[in-house]
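Here is the structure we will look at.
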Amino acid sequence: MSRTDLGPPDYKEMLPPVIKENYGQWLYHEYLKPGVMKHVSEKGDALYTIRIGSPRLVGLDTVRELCDLADKYCDGYLRFTSRHNVELLVSNEANVDPLLAELKQKGMPVGGTGNSISNIVHTQGWIHCHTPATDASGIVKAVMDDLYDYFTHDDLLPARLRVAMACCLNMCGAVHCSDIAILGIHRTPPRIDHTKVSKVCEIPTVIASCPTAAIKPDPKNKSVKVTEEKCMYCGNCYTMCPAMEIMDPLNDGIAILVGGKVSNSRTAPGFSRLAIPFLPNNAPRWPEVTEAVRNIVETWAKDAKKGERMGEWISRIGWERFFDRTGIPFTDKHIDDYIFSIPTFRTTTNFKW
Amino acid sequence: MTERKTPMLDELEKGPWPSFVTDLKRAAEKNDSVKDLIAQLEQSYEEKKGHWKHGGIVGVRGYGAGVIGRYSDEPEKYPNIAEFHTLRINSPAGWFYDTKTLRNVCDMWEEHGSGLLNLHGTTGDIILLGTKTNELQPTFDAFSDAGFDLGGSGSGLRSPSACCGPARCEWACYDTLDVCDNLTHEYQDEMHRPMWPYKFKFKFSGCPNDCVASIARSDLSVIGTWRDTLRINQEEIKNYANSGMDIQGRVCEKCPTKALTFNSETKELFVKAEDCTRCMHCINVLPKAVRPGKEKGATLMIGGKSTILRSAFLSWVIVPFMPLEAPYTELKDLIARIWEWWDEHGKTRERIGELIYRLGMGNFLRAVDLPPVPQMVKEPRANPYIFWQADEVIKADEATK
Ligand code: HEM
Ligand code: HEM
Ligand code: SF4
Ligand code: SF4
Ligand code: SF4
Ligand code: SF4
C-alpha cells in the first residue's frame, strides 16, 4: 500500500556538495559569458552555472541526455529554473569549457543571463488543454528561433527581456506582468448546445461564473442564454460547462501586451498593457506573431537607454511615442472598458504629439 | 494508432531553438500514445482548434487533487489517447535534482505513461503528460515508493515554489527552500483534498528581484527584504570605478530614491539608509560591492493573480517585515487566520484578492488581526466613504445615559 501525503522529496538531498558546504554563504557572482555564471562563497569556493534553453515539453531521451551531461561534468547534479531553463551546476572549473563544447556540438543553446531574452514561460495549448485559442509550444518555438541571438548574447539588448505566452485568458502562463506577453484570445461568445446544458452542467454555477453577468437562465430550453453584447469571451463559462463551446477556429487568435515586469528593481512591478489586439492564428510558424514581437524588441533595443526595461522605456517616452515608433496602430480596442478602466484615462493636459 | 504525415509540425523541427516536435517524435518511437498525440496535434494545426474534451473526474486513492483528466474528442480516430491524463508531481524546493532521482523519474514514467513531461509546469510541478485511467494508481504507487508525492490542483493549495535562494544566491534574505519545503509538508491536506472556494498559491522569493514572480503569480507572496542598511564594500567600489564602471550614471542616477551619493575623488559610495526602499538596483549592478543588510526577513503580500475573473492583481503589502526562522510559527498563525476568513466568506471561484476587493481591505485586516500601517498603501483614500465600526461611534441610547 503506497503512502499518502509524503510531500516532495527533501531538497537537501538534491544539492551538490559545493552547495551544501556553502549554503547561505555565497558572497557574489559574475557573468563569465552569456549563459555562464560564477558564484563565489565567503570560503572562496566557486560554483559555475551553465544555463541552457529547453522546449519545456520534453521526452525521456532529452531528460536522460541532460542526466548524462550532469554525470559527466557536474557530479550528477542539475536544476531547473522558474522559466523552464536547465542549469548545469559545475564545481570543477576545468569542466566548464569541455561542457560548453559538448553543448555546442549537441546544439543546445547556452544563454539567458544578463541582458538577454530568457526562455518563454508558457502553457499547454493544443498539446493538452481543452480551452486554447492557439497553441503554445509552437509559437514559443517560432519566436525563440527568431530571437535566438538575443538568447545566446547578453550585449544586444538594453536590459533583460522576459516574454511569456498563454494560450487563453486563464493564463496558466501568468503572462500579465511580462515585458512581452503573447496571449491566445477568443473573439466570439460561447455557442450553447441546449440539448446538453441541463445534462452536463449545473445551471446556477454557470450563470454565476460569468464576470459580466451575460448569462441568464432560459427555462423554456432548460438551458441558459447569453447576452452577446455583454460577453468578453473569457471562456469562464466553458470551464464550468462543456456545453458552452468557446473555441472558434475562424476567429481565435493572438493578442500582444507589453511593458510589464515583476522585479522591484528601480520601478515597481506592473502589468503588461495591450499593444496589438489581434493577430491571426497562422500555424505552424505564426509569421505575423514573430514579426510583431521582433519589431517591438528591435524598436526598444534601438531606442532605449542602457539598463531600461521595456516598460521603463515606454514610460519615459510615453505610450504616444511607443505607438509612433513601433508603427503599431492605436485603436478603440486599446481603450479599457472593463472594471478598472478609469485610472487608465488621461486626466491632464500634459501629453505628447 | 494513426500513422500520418505531419507537414505542419515538421516545420517546427527547423530552426536553432530545441524543438518539442523532435522530442515528440523520439518519444513516439517508443510509445504509441505519442504517435496518436502527434497526429491529433497535426489536425489541430490544420483546423486551428483544440481536440481535448473537458477533463472528467479521475484520481488516485485518498486524493482529491494532483490528477487532471484528459480525453481526446475523437477517440475512435486516436484510440491511444482516448484517455491521456496529467499527473502533477510535487518537485523538490528550488528544482534541484540529483541524476539518480531524475533517471528514476524517467524509468517510472517510461513504464507507466507516455514518456512526455514538462520540466516544469508554470506552478512548478513535474507535469507527467498522458497516461490511461488504469495506470494512474500504479503510477502514483511507483512515485510514492520513490519518495515523490502529488502536487495540488482544483480548489485547494497549489504546490508552493521557491527561488534558488541561499542554495545559490547571495541575496537571499531568508531560506526560501526551507520555508517552501516546511510549509508544503505542513499543508498536505490543503493540497491534496481541495475544500476551499478556489485555488491558493504561495511563492517564495529571497529578495525583491522576485525571480519566481511571486508578486504576480501567488495569492500569498513572500519576498525577502532587510530592515537595516545595505552593506557597501568600499574596496570593491574602487575596483568597479577603476575598471571603468560609470557609478554615478548607472547606479546613483538610476536609484529611484536618490539615496546614493558617489564621491568621484575618493571613489566611495554612500547610502542614506532612511531613503533607500531596497529596490535591489545598486546591488544588481554592483554585485561584488553592495549587499543586502543584516537584519533580514520578508515582506508578506496578498492577492496576486492573473486576469480571471475580476482583472489581474499584483499582491498588496500586508506585513512590511516579518523575520522568518524555522519553525515559522508567526507565518503559519497568520496563514491560518487568512484561510479561515477566506473559507468563511469566499464565494465559489473567488480568489482571496477578489474577496478582499469585494469586502474591503479594512474588514480583512480586522479579521486577520493585522495593524494598519502606511507601508500598506501608496496613498490614503481620496473619498470620505468611511465604514465606521459599531464601537467607534456613539449610539443614541448610550449618549442619553
Ligand atoms: C482545464 C484546463 C487547464 C489545463 C490543462 C491547465 C493546465 C495547467 C498546468 C499544467 C499548469 C501548471 C501546473 C503546475 O506546475 O503545477 C497550470 C497552471 C496555471 N493555471 Fe491552468 N490549466 C487549466 C485551467 C485553468 C483555469 C480554468 C485557470 C484560471 C482560472 C488556470 C489558470 C492557471 C494559472 C494562473 C496557472 C499558474 C500560474 C502560476 O503558478 O504561476 N488554468 N495550468
Ligand atoms: C544572484 C543573482 C541572481 C540569481 C541567482 C537569480 C536567479 C534566477 C533564476 C535561476 C531565474 C530563472 C531564470 C531563467 O530561467 O531565465 C531568475 C529569473 C528572474 N530573475 Fe533572477 N537571479 C539573479 C539576479 C536577478 C536580477 C539582478 C534581477 C532583476 C534585476 C532578477 C530578476 C529576475 C526576474 C524578473 C526573473 C524572472 C521571473 C519570471 O518572470 O519568471 N534576478 N532569476
Ligand atoms: S492558458 Fe488556457 S488554454 Fe492554455 S493551458 Fe491554460 S487553461 Fe489551457
Ligand atoms: S465567455 Fe465569459 S463573458 Fe462570455 S458568457 Fe462566458 S463567462 Fe460570460
Ligand atoms: S529572488 Fe533574489 S534571492 Fe531569489 S534567486 Fe532571485 S535574486 Fe536571488
Ligand atoms: S537598493 Fe535601490 S533604493 Fe536602495 S540605494 Fe540601492 S538603488 Fe537606491
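Here's how to read the names in the C-alpha cells: chain A, B, ... by the order shown, residue numbers from 1 in each chain, ligand numbers from 1 in the order shown.
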Please return as a ChimeraX atom specification: the residues of range 223-289 of chain B that backbone DSSP assigns to strand (DSSP E). /B:223-226,231-232,260-263,268-271
Pull N, CA, C and O atoms from the residues just selected and write them as a PDB file, in the first residue's frame.
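Full text of out39.pdb as output:
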ATOM      1  N   ILE B 223       8.403  37.783   0.028  1.00  0.00           N
ATOM      2  CA  ILE B 223       9.535  38.356  -0.691  1.00  0.00           C
ATOM      3  C   ILE B 223      10.572  38.865   0.308  1.00  0.00           C
ATOM      4  O   ILE B 223      10.276  39.716   1.150  1.00  0.00           O
ATOM      5  N   GLY B 224      11.773  38.328   0.214  1.00  0.00           N
ATOM      6  CA  GLY B 224      12.826  38.667   1.160  1.00  0.00           C
ATOM      7  C   GLY B 224      13.185  40.149   1.140  1.00  0.00           C
ATOM      8  O   GLY B 224      13.133  40.797   0.102  1.00  0.00           O
ATOM      9  N   THR B 225      13.550  40.676   2.308  1.00  0.00           N
ATOM     10  CA  THR B 225      13.966  42.070   2.400  1.00  0.00           C
ATOM     11  C   THR B 225      14.786  42.242   3.678  1.00  0.00           C
ATOM     12  O   THR B 225      15.008  41.293   4.414  1.00  0.00           O
ATOM     13  N   TRP B 226      15.246  43.473   3.939  1.00  0.00           N
ATOM     14  CA  TRP B 226      16.006  43.716   5.153  1.00  0.00           C
ATOM     15  C   TRP B 226      15.550  45.021   5.770  1.00  0.00           C
ATOM     16  O   TRP B 226      14.938  45.862   5.119  1.00  0.00           O
ATOM     17  N   ARG B 231      24.786  46.928   2.730  1.00  0.00           N
ATOM     18  CA  ARG B 231      26.203  46.955   3.082  1.00  0.00           C
ATOM     19  C   ARG B 231      27.056  47.261   1.857  1.00  0.00           C
ATOM     20  O   ARG B 231      26.837  46.682   0.788  1.00  0.00           O
ATOM     21  N   ILE B 232      27.994  48.182   2.029  1.00  0.00           N
ATOM     22  CA  ILE B 232      28.846  48.592   0.913  1.00  0.00           C
ATOM     23  C   ILE B 232      30.302  48.267   1.230  1.00  0.00           C
ATOM     24  O   ILE B 232      30.793  48.603   2.308  1.00  0.00           O
ATOM     25  N   LEU B 260      21.687  57.410  -3.016  1.00  0.00           N
ATOM     26  CA  LEU B 260      23.113  57.123  -3.126  1.00  0.00           C
ATOM     27  C   LEU B 260      23.908  58.350  -3.551  1.00  0.00           C
ATOM     28  O   LEU B 260      23.451  59.128  -4.396  1.00  0.00           O
ATOM     29  N   THR B 261      25.089  58.534  -2.949  1.00  0.00           N
ATOM     30  CA  THR B 261      25.997  59.553  -3.461  1.00  0.00           C
ATOM     31  C   THR B 261      27.358  58.921  -3.690  1.00  0.00           C
ATOM     32  O   THR B 261      27.803  58.079  -2.905  1.00  0.00           O
ATOM     33  N   PHE B 262      27.988  59.324  -4.763  1.00  0.00           N
ATOM     34  CA  PHE B 262      29.300  58.782  -5.116  1.00  0.00           C
ATOM     35  C   PHE B 262      30.314  59.907  -5.071  1.00  0.00           C
ATOM     36  O   PHE B 262      30.097  60.960  -5.687  1.00  0.00           O
ATOM     37  N   ASN B 263      31.359  59.697  -4.311  1.00  0.00           N
ATOM     38  CA  ASN B 263      32.445  60.674  -4.271  1.00  0.00           C
ATOM     39  C   ASN B 263      33.487  60.240  -5.294  1.00  0.00           C
ATOM     40  O   ASN B 263      34.213  59.275  -5.085  1.00  0.00           O
ATOM     41  N   GLU B 268      34.237  56.539  -3.298  1.00  0.00           N
ATOM     42  CA  GLU B 268      33.436  55.881  -2.267  1.00  0.00           C
ATOM     43  C   GLU B 268      31.956  56.118  -2.547  1.00  0.00           C
ATOM     44  O   GLU B 268      31.572  57.161  -3.066  1.00  0.00           O
ATOM     45  N   LEU B 269      31.156  55.111  -2.167  1.00  0.00           N
ATOM     46  CA  LEU B 269      29.707  55.192  -2.378  1.00  0.00           C
ATOM     47  C   LEU B 269      29.019  55.240  -1.015  1.00  0.00           C
ATOM     48  O   LEU B 269      29.346  54.467  -0.120  1.00  0.00           O
ATOM     49  N   PHE B 270      28.078  56.173  -0.860  1.00  0.00           N
ATOM     50  CA  PHE B 270      27.361  56.280   0.410  1.00  0.00           C
ATOM     51  C   PHE B 270      25.873  56.141   0.193  1.00  0.00           C
ATOM     52  O   PHE B 270      25.335  56.589  -0.819  1.00  0.00           O
ATOM     53  N   VAL B 271      25.210  55.528   1.159  1.00  0.00           N
ATOM     54  CA  VAL B 271      23.762  55.389   1.070  1.00  0.00           C
ATOM     55  C   VAL B 271      23.115  56.108   2.251  1.00  0.00           C
ATOM     56  O   VAL B 271      23.610  56.059   3.376  1.00  0.00           O
TER      57      VAL B 271
END
Set the distance at 9 Å and use only C-alpha atoms: which residues neighbour range 345-356 of chain B once local chain neighbours fewer than 5 positions away are removed? I'd like the list as a CSV table (one decimal) with N, CA, C and O atoms, in the first residue's frame.
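The resulting file, part_22.csv, is reproduced below:
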chain,number,residue,atom,x,y,z
A,205,THR,N,-24.5,27.5,-11.3
A,205,THR,CA,-23.0,27.7,-11.3
A,205,THR,C,-22.5,28.4,-12.6
A,205,THR,O,-21.6,29.2,-12.6
A,208,ALA,N,-23.4,32.0,-12.5
A,208,ALA,CA,-22.6,32.7,-11.5
A,208,ALA,C,-21.2,32.9,-12.0
A,208,ALA,O,-20.4,33.8,-11.6
A,209,SER,N,-20.8,32.0,-13.0
A,209,SER,CA,-19.4,32.0,-13.4
A,209,SER,C,-19.1,33.2,-14.3
A,209,SER,O,-17.9,33.5,-14.6
B,155,SER,N,-9.7,23.3,-6.2
B,155,SER,CA,-9.9,24.4,-5.3
B,155,SER,C,-9.2,24.1,-4.0
B,155,SER,O,-9.8,24.0,-2.9
B,196,TRP,N,-11.7,24.5,-0.6
B,196,TRP,CA,-11.8,25.9,-0.5
B,196,TRP,C,-12.7,26.5,-1.6
B,196,TRP,O,-13.1,25.8,-2.5
B,197,PRO,N,-12.9,27.8,-1.5
B,197,PRO,CA,-13.6,28.5,-2.6
B,197,PRO,C,-12.9,28.3,-3.9
B,197,PRO,O,-13.5,28.1,-5.0
B,198,TYR,N,-11.6,28.4,-3.9
B,198,TYR,CA,-10.8,28.3,-5.1
B,198,TYR,C,-9.3,28.0,-4.8
B,198,TYR,O,-9.0,27.6,-3.7
B,199,LYS,N,-8.5,28.2,-5.8
B,199,LYS,CA,-7.1,27.8,-5.6
B,199,LYS,C,-6.4,28.9,-4.8
B,199,LYS,O,-6.8,30.0,-4.6
B,200,PHE,N,-5.2,28.5,-4.2
B,200,PHE,CA,-4.4,29.4,-3.4
B,200,PHE,C,-2.9,29.0,-3.6
B,200,PHE,O,-2.6,27.8,-3.6
B,219,ASP,N,-1.1,34.0,-4.4
B,219,ASP,CA,-2.0,34.7,-3.5
B,219,ASP,C,-1.3,35.2,-2.3
B,219,ASP,O,-1.7,36.3,-1.8
B,302,ILE,N,-0.4,40.1,-0.3
B,302,ILE,CA,-1.6,39.2,-0.6
B,302,ILE,C,-2.3,39.6,-1.8
B,302,ILE,O,-2.4,40.7,-2.2
B,303,GLY,N,-2.9,38.5,-2.5
B,303,GLY,CA,-3.9,38.8,-3.5
B,303,GLY,C,-3.4,38.6,-5.0
B,303,GLY,O,-4.3,38.8,-5.9
B,304,GLY,N,-2.2,38.4,-5.2
B,304,GLY,CA,-1.7,38.3,-6.6
B,304,GLY,C,-2.4,37.2,-7.4
B,304,GLY,O,-2.7,36.1,-6.9
B,305,LYS,N,-2.7,37.5,-8.7
B,305,LYS,CA,-3.4,36.5,-9.5
B,305,LYS,C,-3.4,37.1,-11.0
B,305,LYS,O,-3.2,38.3,-11.2
B,309,LEU,N,-11.0,36.3,-12.4
B,309,LEU,CA,-12.1,36.9,-13.2
B,309,LEU,C,-12.1,38.4,-13.2
B,309,LEU,O,-12.4,39.0,-14.2
B,310,ARG,N,-11.8,39.0,-12.1
B,310,ARG,CA,-12.0,40.4,-12.0
B,310,ARG,C,-10.8,41.2,-12.2
B,310,ARG,O,-10.4,42.1,-11.4
B,313,PHE,N,-4.4,41.0,-10.5
B,313,PHE,CA,-3.9,41.8,-9.3
B,313,PHE,C,-2.5,41.5,-9.1
B,313,PHE,O,-2.1,40.4,-9.2
B,315,SER,N,0.1,41.5,-5.9
B,315,SER,CA,-0.1,41.3,-4.4
B,315,SER,C,0.1,42.7,-3.7
B,315,SER,O,0.9,43.5,-4.1
B,316,TRP,N,-0.7,42.8,-2.6
B,316,TRP,CA,-0.7,44.0,-1.8
B,316,TRP,C,0.1,43.8,-0.5
B,316,TRP,O,-0.1,42.7,0.2
B,338,ILE,N,-5.9,33.9,7.7
B,338,ILE,CA,-6.3,34.3,6.4
B,338,ILE,C,-7.2,33.2,5.8
B,338,ILE,O,-8.3,33.5,5.2
B,339,TRP,N,-6.8,32.0,5.9
B,339,TRP,CA,-7.6,30.9,5.2
B,339,TRP,C,-9.0,30.8,5.9
B,339,TRP,O,-10.0,30.5,5.2
B,340,GLU,N,-9.0,31.0,7.2
B,340,GLU,CA,-10.3,30.9,7.9
B,340,GLU,C,-11.3,31.9,7.4
B,340,GLU,O,-12.4,31.6,7.1
B,361,MET,N,-10.5,45.9,2.3
B,361,MET,CA,-9.2,45.6,3.0
B,361,MET,C,-9.4,45.8,4.5
B,361,MET,O,-8.8,45.1,5.3
B,362,GLY,N,-10.2,46.9,4.9
B,362,GLY,CA,-10.4,47.1,6.3
B,362,GLY,C,-10.9,45.9,7.0
B,362,GLY,O,-10.4,45.5,8.0
B,363,ASN,N,-12.0,45.3,6.4
B,363,ASN,CA,-12.6,44.1,7.0
B,363,ASN,C,-11.6,43.0,7.1
B,363,ASN,O,-11.5,42.3,8.1
B,364,PHE,N,-10.8,42.8,6.0
B,364,PHE,CA,-9.8,41.8,6.0
B,364,PHE,C,-8.8,42.0,7.1
B,364,PHE,O,-8.5,41.0,7.9
Tell me the residues of chain A close to chain B, meaning within 6 Å using only C-alpha atoms, as a PyMOL selection string. chain A and resi 2+5-9+11+14+19+23-24+26-28+55-60+67+76-80+82+126+130+145+170+173-174+249+262-266+283-284
### Query
Skipping near chain neighbours, those fewer than 2 positions away, what residues fall within 10 Å of His186 in chain A using only C-alpha atoms, listed as a VMD selection string?
chain A and resid 131 to 134 167 to 169 183 to 184 188 to 190 232 to 235 246 to 255 278
Keeping only C-alpha atoms, write those residues as a CSV table (one decimal), in the first residue's frame.
chain,number,residue,atom,x,y,z
A,131,THR,CA,-9.8,25.8,-24.0
A,132,PRO,CA,-6.9,27.0,-26.1
A,133,ALA,CA,-7.3,29.8,-28.6
A,134,THR,CA,-3.9,28.8,-30.0
A,167,CYS,CA,-3.0,30.1,-24.9
A,168,CYS,CA,-6.2,31.5,-23.3
A,169,LEU,CA,-7.3,34.1,-20.8
A,183,LEU,CA,-1.8,35.7,-25.4
A,184,GLY,CA,-4.3,33.5,-27.1
A,188,THR,CA,-16.9,35.2,-30.2
A,189,PRO,CA,-19.5,34.3,-27.4
A,190,PRO,CA,-19.9,30.7,-26.5
A,232,MET,CA,-16.0,39.4,-23.5
A,233,TYR,CA,-15.2,35.8,-24.5
A,234,CYS,CA,-13.3,34.9,-21.3
A,235,GLY,CA,-14.4,31.3,-21.6
A,246,ILE,CA,-15.8,28.7,-26.8
A,247,MET,CA,-13.2,27.6,-29.4
A,248,ASP,CA,-13.8,29.2,-32.8
A,249,PRO,CA,-11.2,28.4,-35.4
A,250,LEU,CA,-12.5,31.3,-37.6
A,251,ASN,CA,-11.9,33.9,-35.0
A,252,ASP,CA,-9.5,32.8,-32.4
A,253,GLY,CA,-6.1,34.4,-32.5
A,254,ILE,CA,-3.4,36.2,-30.6
A,255,ALA,CA,-3.0,39.5,-28.7
A,278,PHE,CA,-5.3,40.7,-32.7
Name all residues at most 9 Å from Ile120 in chain A (count only C-alpha atoms; drop same-chain ones fewer than 6 positions away) and give them as an mmCIF file with C-alpha atoms, in the first residue's frame.
data_model
loop_
_atom_site.group_PDB
_atom_site.id
_atom_site.type_symbol
_atom_site.label_atom_id
_atom_site.label_comp_id
_atom_site.auth_asym_id
_atom_site.auth_seq_id
_atom_site.Cartn_x
_atom_site.Cartn_y
_atom_site.Cartn_z
ATOM 1 C CA ARG A 83 11.485 29.935 -16.716
ATOM 2 C CA HIS A 84 11.918 26.308 -17.791
ATOM 3 C CA VAL A 140 7.284 29.656 -28.474
ATOM 4 C CA VAL A 143 9.551 33.131 -31.586
ATOM 5 C CA MET A 144 12.658 31.666 -29.917
ATOM 6 C CA ARG A 162 11.007 38.394 -20.217
ATOM 7 C CA VAL A 163 8.477 37.016 -22.657
ATOM 8 C CA ALA A 164 5.560 34.832 -21.605
ATOM 9 C CA MET A 165 2.851 33.039 -23.538
#
Q | Long-range neighbours of Thr139 in chain B as a PyMOL selection string, 9 Å cut-off, only C-alpha atoms, 5 positions minimum in chain | A | chain B and resi 87+108-109+111-113+131+144
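Proximity of B:Glu398, B:Asp228, B:Glu295, B:Asp333 to ligand 6, computed with only C-alpha atoms and all ligand atoms, is greatest for B:Asp228.
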Within 10 Å of ligand 4: each chain A residue with its shortest pair, only C-alpha atoms and all ligand atoms, as a tab-separated table:
residue	atom	partner	partner_atom_place_in_ligand_line	distance
A:Leu169	CA	ligand 4	2 (Fe)	9.8
A:His186	CA	ligand 4	1 (S)	8.5
A:Arg187	CA	ligand 4	1 (S)	9.1
A:Thr188	CA	ligand 4	1 (S)	8.0
A:Pro189	CA	ligand 4	4 (Fe)	5.3
A:Pro190	CA	ligand 4	1 (S)	5.8
A:Arg191	CA	ligand 4	5 (S)	9.4
A:Ile192	CA	ligand 4	5 (S)	9.9
A:Val206	CA	ligand 4	7 (S)	7.8
A:Ile207	CA	ligand 4	7 (S)	8.0
A:Ala208	CA	ligand 4	7 (S)	8.5
A:Ser209	CA	ligand 4	7 (S)	5.8
A:Cys210	CA	ligand 4	7 (S)	3.6
A:Pro211	CA	ligand 4	8 (Fe)	5.9
A:Thr212	CA	ligand 4	3 (S)	5.6
A:Ala213	CA	ligand 4	8 (Fe)	6.4
A:Ala214	CA	ligand 4	8 (Fe)	5.2
A:Ile215	CA	ligand 4	5 (S)	5.6
A:Lys216	CA	ligand 4	5 (S)	9.3
A:Val224	CA	ligand 4	5 (S)	9.9
A:Lys225	CA	ligand 4	5 (S)	8.6
A:Val226	CA	ligand 4	5 (S)	5.7
A:Thr227	CA	ligand 4	5 (S)	7.5
A:Glu228	CA	ligand 4	5 (S)	7.5
A:Glu229	CA	ligand 4	4 (Fe)	9.2
A:Lys230	CA	ligand 4	3 (S)	6.6
A:Cys231	CA	ligand 4	4 (Fe)	3.8
A:Met232	CA	ligand 4	3 (S)	4.5
A:Tyr233	CA	ligand 4	1 (S)	3.7
A:Cys234	CA	ligand 4	2 (Fe)	3.9
A:Gly235	CA	ligand 4	1 (S)	3.9
A:Asn236	CA	ligand 4	7 (S)	4.3
A:Cys237	CA	ligand 4	7 (S)	4.1
A:Tyr238	CA	ligand 4	6 (Fe)	6.4
A:Thr239	CA	ligand 4	7 (S)	8.6
A:Met240	CA	ligand 4	7 (S)	8.8
A:Cys241	CA	ligand 4	6 (Fe)	9.5
A:Met244	CA	ligand 4	6 (Fe)	7.5
A:Glu245	CA	ligand 4	1 (S)	9.1
A:Ile246	CA	ligand 4	1 (S)	6.9
Which residues of range 72-176 of chain A sit at most 10 Å from range 303-321 of chain A, using only C-alpha atoms? Give each one's shortest atom pair and distance in Å (one decimal place), in chain and ascending residue order, as CSV.
residue,atom,partner,partner_atom,distance
A:Asn115,CA,A:Gly307,CA,8.2
A:Leu157,CA,A:Lys306,CA,8.2
A:Pro158,CA,A:Lys306,CA,4.6
A:Ala159,CA,A:Gly307,CA,4.8
A:Arg160,CA,A:Arg309,CA,6.7
A:Leu161,CA,A:Arg309,CA,7.2
A:Arg162,CA,A:Met310,CA,9.4
Please, could you write that set of residues out with all heavy atoms as a short mmCIF file (atom, residue, chain, number, x, y, z; two decimals), in the first residue's frame?
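Everything below was put into selection28.cif:
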data_model
loop_
_atom_site.label_atom_id
_atom_site.label_comp_id
_atom_site.auth_asym_id
_atom_site.auth_seq_id
_atom_site.Cartn_x
_atom_site.Cartn_y
_atom_site.Cartn_z
N ASN A 115 21.59 40.77 -19.94
CA ASN A 115 20.69 41.48 -20.84
C ASN A 115 20.35 40.64 -22.07
O ASN A 115 20.79 40.90 -23.18
CB ASN A 115 21.32 42.81 -21.26
CG ASN A 115 21.46 43.74 -20.07
OD1 ASN A 115 20.80 43.54 -19.05
ND2 ASN A 115 22.32 44.73 -20.19
N LEU A 157 20.81 43.69 -26.11
CA LEU A 157 19.59 44.32 -25.61
C LEU A 157 19.93 45.30 -24.49
O LEU A 157 20.93 45.14 -23.79
CB LEU A 157 18.63 43.25 -25.09
CG LEU A 157 18.09 42.25 -26.12
CD1 LEU A 157 17.27 41.16 -25.44
CD2 LEU A 157 17.25 42.96 -27.18
N PRO A 158 19.08 46.32 -24.29
CA PRO A 158 19.34 47.29 -23.23
C PRO A 158 19.23 46.68 -21.82
O PRO A 158 19.89 47.13 -20.90
CB PRO A 158 18.24 48.34 -23.42
CG PRO A 158 17.60 48.07 -24.73
CD PRO A 158 17.89 46.66 -25.09
N ALA A 159 18.37 45.69 -21.67
CA ALA A 159 18.14 45.10 -20.34
C ALA A 159 17.61 43.68 -20.55
O ALA A 159 17.50 43.21 -21.68
CB ALA A 159 17.13 45.94 -19.56
N ARG A 160 17.25 43.02 -19.43
CA ARG A 160 16.69 41.68 -19.63
C ARG A 160 15.32 41.77 -20.27
O ARG A 160 14.60 42.76 -20.11
CB ARG A 160 16.65 40.92 -18.31
CG ARG A 160 15.86 41.60 -17.22
CD ARG A 160 16.14 40.97 -15.85
NE ARG A 160 17.50 41.25 -15.42
CZ ARG A 160 18.31 40.34 -14.85
NH1 ARG A 160 17.89 39.14 -14.61
NH2 ARG A 160 19.54 40.67 -14.52
N LEU A 161 14.95 40.70 -20.98
CA LEU A 161 13.67 40.68 -21.68
C LEU A 161 12.95 39.40 -21.30
O LEU A 161 13.44 38.30 -21.55
CB LEU A 161 13.93 40.72 -23.20
CG LEU A 161 12.70 40.60 -24.10
CD1 LEU A 161 11.81 41.82 -23.96
CD2 LEU A 161 13.12 40.43 -25.56
N ARG A 162 11.77 39.56 -20.66
CA ARG A 162 11.01 38.39 -20.22
C ARG A 162 9.74 38.29 -21.05
O ARG A 162 8.88 39.16 -21.00
CB ARG A 162 10.61 38.54 -18.75
CG ARG A 162 11.77 38.73 -17.79
CD ARG A 162 12.70 37.57 -17.82
NE ARG A 162 13.59 37.54 -16.69
CZ ARG A 162 14.87 37.15 -16.78
NH1 ARG A 162 15.39 36.80 -17.93
NH2 ARG A 162 15.63 37.11 -15.70
#
Find the residues around Val258 in chain A up to 7 Å (only C-alpha atoms counted), leave out those fewer than 2 positions away in its own chain, and share them as an mmCIF file with C-alpha atoms, in the first residue's frame.
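Listed below is the output, result39.cif:
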data_model
loop_
_atom_site.group_PDB
_atom_site.id
_atom_site.type_symbol
_atom_site.label_atom_id
_atom_site.label_comp_id
_atom_site.auth_asym_id
_atom_site.auth_seq_id
_atom_site.Cartn_x
_atom_site.Cartn_y
_atom_site.Cartn_z
ATOM 1 C CA SER A 178 5.896 40.365 -18.787
ATOM 2 C CA ASP A 179 7.963 42.646 -20.983
ATOM 3 C CA ILE A 180 6.126 40.995 -23.840
ATOM 4 C CA ALA A 181 3.074 38.791 -23.393
ATOM 5 C CA ILE A 256 0.300 41.068 -27.724
ATOM 6 C CA GLY A 260 5.050 44.628 -17.561
ATOM 7 C CA SER A 272 1.658 44.404 -19.350
ATOM 8 C CA ARG A 273 -0.595 46.635 -21.481
ATOM 9 C CA LEU A 274 -2.255 45.955 -24.812
ATOM 10 C CA ALA A 275 -0.095 46.703 -27.844
#
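Distance-wise, atom 6 (C, counted along the ligand's line) of ligand 2 and CA of Gly249 in chain B end up 23.9 Å apart.
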